[in-house]
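Shown next: input01.tsv, given as TSV, C-alpha atoms and all ligand atoms.
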chain	number	residue	atom	x	y	z
A	1	MET	CA	54.75	102.16	-185.39
A	2	PRO	CA	55.44	98.61	-184.09
A	3	ASP	CA	57.94	98.36	-181.26
A	4	GLY	CA	58.64	94.67	-181.90
A	5	GLN	CA	57.24	93.11	-178.72
A	6	ASN	CA	54.12	94.90	-177.47
A	7	GLY	CA	52.29	95.91	-180.65
A	8	PRO	CA	52.05	99.46	-181.96
A	9	ARG	CA	54.02	102.18	-180.20
A	10	ARG	CA	51.61	104.62	-178.55
A	11	ASN	CA	51.38	107.88	-176.62
A	12	LYS	CA	54.98	108.88	-177.11
A	13	THR	CA	54.43	112.50	-178.09
A	14	GLU	CA	51.57	114.94	-177.60
A	15	ASP	CA	50.67	114.48	-181.26
A	16	ASP	CA	50.55	110.68	-180.82
A	17	ILE	CA	47.97	111.22	-178.08
A	18	THR	CA	45.85	113.49	-180.27
A	19	ALA	CA	45.97	110.95	-183.10
A	20	GLU	CA	45.03	108.09	-180.80
A	21	VAL	CA	42.12	109.99	-179.21
A	22	LEU	CA	40.82	110.94	-182.67
A	23	ALA	CA	41.10	107.32	-183.79
A	24	ARG	CA	39.20	106.14	-180.69
A	25	PHE	CA	36.27	108.48	-181.55
A	26	SER	CA	36.35	107.85	-185.28
A	27	GLY	CA	33.89	104.95	-185.04
A	28	THR	CA	31.11	107.19	-183.69
A	29	GLN	CA	27.95	106.10	-185.51
A	30	ASP	CA	26.00	109.35	-185.53
A	31	PRO	CA	27.67	111.43	-188.29
A	32	ARG	CA	26.95	114.80	-186.65
A	33	LEU	CA	28.21	113.63	-183.25
A	34	ARG	CA	31.32	112.24	-184.97
A	35	GLU	CA	31.96	115.56	-186.72
A	36	ILE	CA	31.52	117.52	-183.47
A	37	MET	CA	33.67	115.20	-181.33
A	38	LEU	CA	36.55	114.99	-183.82
A	39	SER	CA	36.59	118.74	-184.30
A	40	LEU	CA	36.31	119.42	-180.56
A	41	ILE	CA	39.27	117.12	-179.79
A	42	SER	CA	41.40	118.60	-182.59
A	43	HIS	CA	40.76	122.19	-181.46
A	44	LEU	CA	41.00	121.47	-177.74
A	45	HIS	CA	44.31	119.64	-178.10
A	46	ALA	CA	45.63	122.35	-180.45
A	47	PHE	CA	44.69	125.03	-177.89
A	48	VAL	CA	46.43	123.18	-175.05
A	49	LYS	CA	49.55	122.74	-177.18
A	50	GLU	CA	49.53	126.32	-178.48
A	51	VAL	CA	49.46	127.92	-175.01
A	52	LYS	CA	51.58	125.12	-173.50
A	53	LEU	CA	49.06	124.71	-170.70
A	54	THR	CA	50.63	123.73	-167.40
A	55	GLU	CA	49.13	121.09	-165.14
A	56	ALA	CA	48.48	123.75	-162.48
A	57	GLU	CA	46.57	125.88	-165.01
A	58	TRP	CA	44.51	122.90	-166.16
A	59	PHE	CA	43.58	122.04	-162.54
A	60	GLN	CA	42.68	125.70	-162.00
A	61	ALA	CA	40.39	125.54	-165.06
A	62	ILE	CA	38.75	122.39	-163.67
A	63	GLU	CA	38.21	124.12	-160.31
A	64	ILE	CA	36.61	127.08	-162.07
A	65	LEU	CA	34.24	124.81	-164.01
A	66	THR	CA	33.42	122.91	-160.81
A	67	GLU	CA	32.60	126.16	-159.03
A	68	ALA	CA	30.48	127.27	-162.00
A	69	GLY	CA	28.55	124.00	-161.86
A	70	LYS	CA	27.95	124.32	-158.12
A	71	MET	CA	26.56	127.84	-158.60
A	72	CYS	CA	23.95	126.71	-161.13
A	73	SER	CA	20.33	126.41	-160.04
A	74	ASP	CA	16.94	127.25	-161.55
A	75	LYS	CA	17.73	130.90	-160.68
A	76	ARG	CA	21.40	131.12	-161.70
A	77	GLN	CA	23.16	129.76	-164.79
A	78	GLU	CA	26.89	130.43	-164.68
A	79	PHE	CA	27.59	128.40	-167.85
A	80	ILE	CA	25.24	130.59	-169.90
A	81	LEU	CA	27.12	133.59	-168.50
A	82	PHE	CA	30.41	132.04	-169.64
A	83	SER	CA	28.94	131.33	-173.07
A	84	ASP	CA	27.58	134.89	-173.34
A	85	THR	CA	30.68	136.72	-172.07
A	86	LEU	CA	33.00	134.62	-174.25
A	87	GLY	CA	30.91	135.60	-177.29
A	88	VAL	CA	29.99	131.97	-178.02
A	89	SER	CA	26.24	132.55	-177.62
A	90	MET	CA	26.32	135.27	-180.28
A	91	VAL	CA	28.44	133.21	-182.70
A	92	VAL	CA	25.89	130.38	-182.36
A	93	ASP	CA	23.05	132.89	-182.76
A	94	LEU	CA	24.55	134.31	-185.95
A	95	LEU	CA	25.21	130.87	-187.46
A	96	ASP	CA	21.90	129.31	-186.50
A	97	HIS	CA	19.50	132.22	-187.02
A	98	ARG	CA	20.44	133.74	-190.34
A	99	LYS	CA	17.54	135.98	-191.32
A	100	PRO	CA	16.58	137.45	-194.68
A	101	ASP	CA	16.87	141.26	-195.01
A	102	GLY	CA	14.02	143.00	-193.26
A	103	ALA	CA	13.33	140.19	-190.79
A	104	THR	CA	13.80	141.05	-187.12
A	105	GLU	CA	17.19	139.82	-185.99
A	106	SER	CA	17.62	137.61	-182.96
A	107	THR	CA	20.01	138.03	-180.06
A	108	VAL	CA	21.03	136.26	-176.84
A	109	PHE	CA	18.44	134.44	-174.78
A	110	GLY	CA	20.31	135.19	-171.54
A	111	PRO	CA	20.09	133.27	-168.27
A	112	PHE	CA	17.02	134.96	-166.82
A	113	HIS	CA	14.16	133.67	-168.96
A	114	ARG	CA	11.38	132.10	-166.87
A	115	LEU	CA	8.35	130.15	-167.96
A	116	GLY	CA	4.90	131.00	-166.68
A	117	ALA	CA	4.71	134.73	-167.44
A	118	PRO	CA	1.11	135.91	-166.97
A	119	ASP	CA	-1.24	136.62	-169.91
A	120	MET	CA	-1.64	140.38	-170.24
A	121	PRO	CA	-4.21	142.53	-172.07
A	122	MET	CA	-3.26	145.05	-174.79
A	123	GLY	CA	-1.51	147.93	-172.97
A	124	GLY	CA	-1.07	145.87	-169.79
A	125	ASN	CA	1.64	146.99	-167.36
A	126	ILE	CA	4.34	144.39	-166.61
A	127	ALA	CA	5.87	146.58	-163.87
A	128	HIS	CA	4.09	145.72	-160.65
A	129	SER	CA	2.34	148.76	-159.24
A	130	ASP	CA	4.20	148.63	-155.90
A	131	ARG	CA	7.53	148.90	-157.69
A	132	THR	CA	6.92	151.17	-160.71
A	133	GLY	CA	9.25	154.10	-161.22
A	134	THR	CA	12.17	152.54	-159.35
A	135	PRO	CA	13.90	150.37	-161.93
A	136	ASN	CA	16.59	148.58	-159.91
A	137	GLY	CA	18.44	146.64	-162.58
A	138	LEU	CA	17.69	143.23	-161.07
A	139	TYR	CA	15.64	140.41	-162.53
A	140	ASP	CA	12.94	138.83	-160.37
A	141	ALA	CA	15.09	135.75	-159.74
A	142	GLN	CA	17.80	138.01	-158.28
A	143	ASP	CA	15.84	140.44	-156.12
A	144	ALA	CA	13.89	140.31	-152.89
A	145	HIS	CA	10.78	138.88	-154.62
A	146	PRO	CA	12.29	135.93	-156.53
A	147	ASP	CA	9.00	134.14	-157.13
A	148	ASP	CA	6.72	136.88	-158.37
A	149	LEU	CA	7.57	136.93	-162.12
A	150	HIS	CA	8.12	140.68	-162.05
A	151	MET	CA	8.49	142.53	-165.40
A	152	ARG	CA	7.24	139.69	-167.57
A	153	GLY	CA	4.07	139.12	-169.53
A	154	LYS	CA	2.51	137.34	-172.52
A	155	PHE	CA	0.82	139.70	-174.96
A	156	ARG	CA	-1.25	139.03	-178.10
A	157	SER	CA	-1.28	141.42	-181.03
A	158	ASP	CA	-4.67	142.55	-182.41
A	159	ALA	CA	-6.13	141.61	-185.81
A	160	GLU	CA	-3.90	144.23	-187.50
A	161	GLY	CA	-0.78	142.93	-185.75
A	162	ARG	CA	-0.55	145.90	-183.37
A	163	TYR	CA	0.64	145.49	-179.80
A	164	LEU	CA	1.03	147.77	-176.79
A	165	ILE	CA	3.05	146.96	-173.69
A	166	ARG	CA	3.51	149.16	-170.65
A	167	THR	CA	6.57	148.95	-168.46
A	168	VAL	CA	9.19	151.20	-166.84
A	169	LEU	CA	12.08	152.74	-168.74
A	170	PRO	CA	14.82	150.07	-168.92
A	171	VAL	CA	18.21	150.91	-167.40
A	172	ASN	CA	21.65	149.51	-168.07
A	173	TYR	CA	22.74	146.92	-165.53
A	174	PRO	CA	25.70	144.65	-164.73
A	175	ILE	CA	25.42	140.91	-165.32
A	176	PRO	CA	25.93	138.84	-162.15
A	177	SER	CA	29.63	139.10	-161.29
A	178	ASP	CA	29.90	137.40	-157.90
A	179	GLY	CA	31.16	134.12	-159.39
A	180	PRO	CA	33.85	132.79	-161.75
A	181	VAL	CA	32.51	134.78	-164.71
A	182	GLY	CA	32.81	138.01	-162.70
A	183	ARG	CA	36.37	137.08	-161.71
A	184	MET	CA	37.23	136.36	-165.36
A	185	LEU	CA	35.87	139.78	-166.40
A	186	LYS	CA	37.83	141.51	-163.64
A	187	ALA	CA	41.07	139.64	-164.35
A	188	THR	CA	40.83	140.53	-168.04
A	189	GLY	CA	39.97	144.20	-167.51
A	190	ARG	CA	36.41	143.89	-168.80
A	191	HIS	CA	33.29	145.53	-167.38
A	192	PRO	CA	30.07	143.56	-166.70
A	193	TRP	CA	27.54	146.12	-168.03
A	194	ARG	CA	24.72	145.54	-170.50
A	195	PRO	CA	23.02	148.44	-172.29
A	196	ALA	CA	19.37	149.14	-171.38
A	197	HIS	CA	17.09	146.74	-173.24
A	198	ILE	CA	13.76	144.93	-173.21
A	199	HIS	CA	13.57	141.21	-174.03
A	200	PHE	CA	11.04	139.76	-176.48
A	201	VAL	CA	10.16	136.31	-177.75
A	202	VAL	CA	7.81	136.85	-180.69
A	203	SER	CA	5.88	134.04	-182.36
A	204	ALA	CA	3.00	133.48	-184.78
A	205	ASP	CA	1.55	130.35	-186.34
A	206	GLY	CA	3.44	129.38	-189.50
A	207	TYR	CA	6.36	131.71	-188.77
A	208	GLU	CA	9.78	131.22	-187.25
A	209	PRO	CA	9.78	132.62	-183.70
A	210	VAL	CA	12.42	135.20	-182.82
A	211	THR	CA	14.13	135.71	-179.45
A	212	THR	CA	15.47	139.21	-179.29
A	213	HIS	CA	15.83	142.53	-177.43
A	214	ILE	CA	15.27	146.17	-178.27
A	215	PHE	CA	18.00	148.54	-177.08
A	216	ASP	CA	17.91	152.21	-176.06
A	217	ARG	CA	19.83	154.25	-178.65
A	218	THR	CA	21.25	156.63	-176.00
A	219	ASP	CA	22.88	153.97	-173.83
A	220	GLU	CA	26.57	154.37	-173.07
A	221	TYR	CA	27.20	150.60	-173.22
A	222	LEU	CA	25.83	149.96	-176.75
A	223	GLN	CA	29.40	149.66	-178.07
A	224	SER	CA	30.67	147.43	-175.27
A	225	ASP	CA	27.79	145.17	-174.20
A	226	ALA	CA	29.34	142.56	-171.85
A	227	VAL	CA	27.65	139.80	-173.89
A	228	PHE	CA	28.14	141.22	-177.45
A	229	ALA	CA	24.40	141.09	-178.13
A	230	VAL	CA	23.74	144.49	-179.76
A	231	LYS	CA	22.76	144.48	-183.44
A	232	ASP	CA	22.17	147.81	-185.21
A	233	THR	CA	18.67	146.84	-186.34
A	234	LEU	CA	17.59	146.30	-182.73
A	235	ILE	CA	18.46	149.81	-181.52
A	236	CYS	CA	15.51	152.15	-181.16
A	237	ASP	CA	14.51	155.56	-179.78
A	238	PHE	CA	12.88	155.88	-176.40
A	239	THR	CA	11.19	159.26	-176.87
A	240	LYS	CA	10.36	161.41	-173.84
A	241	HIS	CA	6.93	163.06	-173.54
A	242	GLU	CA	6.52	165.70	-170.86
A	243	LYS	CA	2.73	165.42	-170.66
A	244	PRO	CA	0.44	162.43	-171.25
A	245	ASP	CA	-1.59	162.48	-174.48
A	246	ALA	CA	-5.13	161.05	-174.57
A	247	GLU	CA	-3.95	157.43	-174.99
A	248	ALA	CA	-1.44	157.75	-172.12
A	249	SER	CA	-4.09	159.35	-169.88
A	250	ARG	CA	-6.46	156.49	-170.70
A	251	LEU	CA	-3.73	154.11	-169.46
A	252	GLY	CA	-3.52	156.04	-166.19
A	253	ILE	CA	-0.21	157.79	-166.88
A	254	THR	CA	-0.10	161.14	-165.13
A	255	GLY	CA	3.48	162.45	-165.46
A	256	PRO	CA	6.27	162.45	-168.04
A	257	TYR	CA	6.73	159.14	-169.85
A	258	TYR	CA	8.66	157.55	-172.73
A	259	THR	CA	7.48	155.67	-175.80
A	260	ALA	CA	9.38	153.27	-178.05
A	261	GLU	CA	8.01	151.94	-181.33
A	262	PHE	CA	9.32	148.73	-182.83
A	263	ASP	CA	7.90	146.60	-185.67
A	264	PHE	CA	8.68	142.90	-185.48
A	265	HIS	CA	8.94	141.05	-188.81
A	266	LEU	CA	8.89	137.26	-188.69
A	267	THR	CA	9.98	134.92	-191.49
A	268	PRO	CA	7.66	132.16	-192.72
A	269	ALA	CA	8.69	128.82	-191.19
A	270	THR	CA	10.08	126.16	-193.51
A	271	SER	CA	8.05	122.96	-193.48
A	272	ALA	CA	10.75	121.24	-191.35
A	273	GLN	CA	10.61	124.05	-188.78
A	274	ALA	CA	6.80	123.99	-188.83
A	275	THR	CA	6.88	120.26	-188.04
A	276	ILE	CA	9.30	120.83	-185.13
A	277	MET	CA	7.24	123.74	-183.79
A	278	ASP	CA	4.07	121.70	-184.06
A	279	ALA	CA	5.69	118.81	-182.14
A	280	GLN	CA	6.99	121.28	-179.50
A	281	GLN	CA	3.52	122.75	-179.06
A	282	ARG	CA	1.99	119.31	-178.66
A	283	LEU	CA	4.66	118.37	-176.10
A	284	ALA	CA	4.09	121.64	-174.22
A	285	ALA	CA	0.35	120.97	-174.20
A	286	LEU	CA	0.95	117.47	-172.81
A	287	GLY	CA	3.24	118.94	-170.13
A	288	ALA	CA	0.63	121.54	-169.16
A	289	ARG	CA	-2.05	118.91	-168.46
B	301	LIG	C1	20.06	139.57	-169.85
B	301	LIG	O1	19.88	140.45	-170.62
B	301	LIG	O2	19.17	139.27	-169.12
B	301	LIG	C2	21.37	138.86	-169.79
B	301	LIG	C3	21.88	138.34	-170.95
B	301	LIG	C4	23.10	137.68	-170.91
B	301	LIG	C5	23.78	137.55	-169.72
B	301	LIG	C6	23.24	138.10	-168.55
B	301	LIG	C7	22.03	138.76	-168.59
B	302	FE	FE	18.19	141.48	-169.81
Would you write out, as structure tokens, the structure that this file holds?
Ligand code: BEZ
Ligand code: FE
Amino acid sequence: MPDGQNGPRRNKTEDDITAEVLARFSGTQDPRLREIMLSLISHLHAFVKEVKLTEAEWFQAIEILTEAGKMCSDKRQEFILFSDTLGVSMVVDLLDHRKPDGATESTVFGPFHRLGAPDMPMGGNIAHSDRTGTPNGLYDAQDAHPDDLHMRGKFRSDAEGRYLIRTVLPVNYPIPSDGPVGRMLKATGRHPWRPAHIHFVVSADGYEPVTTHIFDRTDEYLQSDAVFAVKDTLICDFTKHEKPDAEASRLGITGPYYTAEFDFHLTPATSAQATIMDAQQRLAALGAR
């Protein structure tokens, strides 16, 4: 609205500001970036107006984000923890990885994935022999041996698609809570626990890879996973055996042990996905040289 002397009136009300910011971004060339920016601004401004955010609260939020950023390293990712504990990671997962019935469902990637896991033979044990039997609920990046890629391995299935992995029985464990995410959980009366699980990234040529977990059906935190990652189809039985059978004896197991069986079903990749995967593999190969 013109004010007579200095051109259009601007920034008089909070809605004027929102309109002006939207207008300033409306020339964004990339259509997807334009869609994301305009929607982000609309929702962010609406949120601030709805809760009538005070300046002190906004500065507090900025301090929290600054602290989260300072905590991040190649061993700690506080922003992934925020994304996971706010349920955003699982909303993105559900939107971006819709699977046909029968295909193995995906779940959160989590902040602890590390490249460089060793190649393992069929039946290989990912629990290092000096630490078997004492599951301590910490990932390698968190414990006293941060560089030894403990509890990780790359396995190949055989010609019939069978696989066998040896490890220790997973336990439930709390996500890292010594930073802003932990304080948020505490302040909102939430616990930091994840139900016992094993992570998998499963891939095959011509198929869409899946990043997922399997969960222990008996775990007390299945209904309240701190990161909302449990899907019914990923829950399985860890069955106790008091004495080793012939196969377990062959693997060197002497006492009671558990088995879990899980069939992974991948979906054929679309040609667009196959092209992306092919390009990713070529890039990875270049990087490995
Ligand atoms: C994990 O399972 O490793 C994990 C996932 C999300 C947040 C923290 C840990
Ligand atoms: Fe985990």
Test item: residues lying within 6 Å of ligand LIG 301 (chain B) with all atoms listed in the file, as a PyMOL selection string: chain A and resi 81+84+110-112+175+227
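Of note, atom CA of Met151 of chain A and atom CA of His97 of chain A are spaced 26.4 Å apart.
Each residue with an atom within 10 Å of any atom of ligand FE 302 (chain B) appears in the list, which was built counting all atoms listed in the file: Val108, Phe109, Gly110, Pro111, Phe112, His113, Gly137, Leu138, Tyr139, Pro170, Val171, Asn172, Tyr173, Pro174, Ile175, Arg194, Pro195, Ala196, His197, Ile198, His199, Phe200 and His213 of chain A.
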Please write out, as JSON, where the centre of an axis-aligned box around all listed atoms of segment 90-109 of chain A lies and how long its edges are, in Å to one decimal, after adding 4 Å on each side.
{"center_x": 20.9, "center_y": 136.2, "center_z": -184.9, "size_x": 23.1, "size_y": 21.7, "size_z": 28.2}
Excluding segment 34-37 of chain A and its own-chain neighbours fewer than 6 positions away, which residues fall within 12 Å of it when counting all atoms listed in the file? Please give them as a PDB file with C-alpha atoms, keeping the file's coordinate frame.
ATOM      1  CA  VAL A  21      42.120 109.990-179.210  1.00  0.00           C
ATOM      2  CA  LEU A  22      40.820 110.940-182.670  1.00  0.00           C
ATOM      3  CA  ALA A  23      41.100 107.320-183.790  1.00  0.00           C
ATOM      4  CA  ARG A  24      39.200 106.140-180.690  1.00  0.00           C
ATOM      5  CA  PHE A  25      36.270 108.480-181.550  1.00  0.00           C
ATOM      6  CA  SER A  26      36.350 107.850-185.280  1.00  0.00           C
ATOM      7  CA  GLY A  27      33.890 104.950-185.040  1.00  0.00           C
ATOM      8  CA  THR A  28      31.110 107.190-183.690  1.00  0.00           C
ATOM      9  CA  HIS A  43      40.760 122.190-181.460  1.00  0.00           C
ATOM     10  CA  LEU A  44      41.000 121.470-177.740  1.00  0.00           C
ATOM     11  CA  HIS A  45      44.310 119.640-178.100  1.00  0.00           C
TER      12      HIS A  45
END
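Relative to atom CA of Gly123 of chain A, atom CA of Tyr163 of chain A is found at 7.6 Å.
In this comparison, which uses all atoms listed in the file, the residue of A:Arg190, A:Arg250, A:Arg183, A:Arg114 approaching Gly153 of chain A most closely is A:Arg114.
Counting only C-alpha atoms, Ala248 of chain A has the following residues at most 12 Å away, ignoring those fewer than 6 positions along the same chain: Gly123, Leu164, Ile165, Arg166, His241, Glu242, Thr254, Gly255, Pro256, Tyr257, Tyr258 and Thr259 of chain A.
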message: Just to confirm, what's the straight-line distance from atom CA of Ser89 of chain A to atom CA of Ala127 of chain A in Å (one decimal)?
response: 28.3 Å
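Nearest-residue note for Asp15 of chain A: choosing from A:Ile214, A:Ala68, A:Ala229, A:Val48, the minimum distance belongs to A:Val48, counting all atoms listed in the file.
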message: Here is a test: counting only C-alpha atoms, which residue of A:Ala56, A:Val181, A:Asp225, A:Gly161 is nearest to Ile80 of chain A?
response: A:Val181
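With distances taken over all atoms listed in the file, A:Ala19 is the one residue among A:Ala19, A:Ser177, A:Ala103, A:Met122 lying closest to Ala46 of chain A.
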Write out, as CSV, each residue of segment 30-128 of chain A that has an atom at most 10 Å from segment 232-236 of chain A, together with the closest pair of atoms and their distance in Å to one decimal, counting all atoms listed in the file, rows going by chain and rising number.
residue,atom,partner,partner_atom,distance
A:Gly102,CA,A:Thr233,CA,9.2
A:Ala103,CA,A:Thr233,CA,9.6
A:Thr104,CA,A:Thr233,CA,7.6
A:Glu105,CA,A:Thr233,CA,7.2
A:Ser106,CA,A:Leu234,CA,8.7
A:Thr107,CA,A:Leu234,CA,9.0
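Distances here use only C-alpha atoms; by that measure, the residue among A:Glu261, A:Lys243, A:Leu38, A:Arg98 closest to Asp216 of chain A is A:Glu261.
For the residues A:Ile126, A:Lys99, A:Pro192, A:Gly182, ranking by smallest atom-to-atom distance to Ala269 of chain A using all atoms listed in the file places A:Lys99 first.
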Could you name the residues that touch Ala204 of chain A at 12 Å or less, counting all atoms listed in the file, but leaving out those on the same chain fewer than 3 positions away, as a CSV table (one decimal) with C-alpha atoms, in the frame of the given file?
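That gives us part-v9.csv:
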chain,number,residue,atom,x,y,z
A,155,PHE,CA,0.8,139.7,-175.0
A,156,ARG,CA,-1.2,139.0,-178.1
A,157,SER,CA,-1.3,141.4,-181.0
A,161,GLY,CA,-0.8,142.9,-185.8
A,201,VAL,CA,10.2,136.3,-177.8
A,207,TYR,CA,6.4,131.7,-188.8
A,208,GLU,CA,9.8,131.2,-187.2
A,209,PRO,CA,9.8,132.6,-183.7
A,210,VAL,CA,12.4,135.2,-182.8
A,264,PHE,CA,8.7,142.9,-185.5
A,265,HIS,CA,8.9,141.0,-188.8
A,266,LEU,CA,8.9,137.3,-188.7
A,267,THR,CA,10.0,134.9,-191.5
A,268,PRO,CA,7.7,132.2,-192.7
A,269,ALA,CA,8.7,128.8,-191.2
A,274,ALA,CA,6.8,124.0,-188.8
A,277,MET,CA,7.2,123.7,-183.8
A,278,ASP,CA,4.1,121.7,-184.1
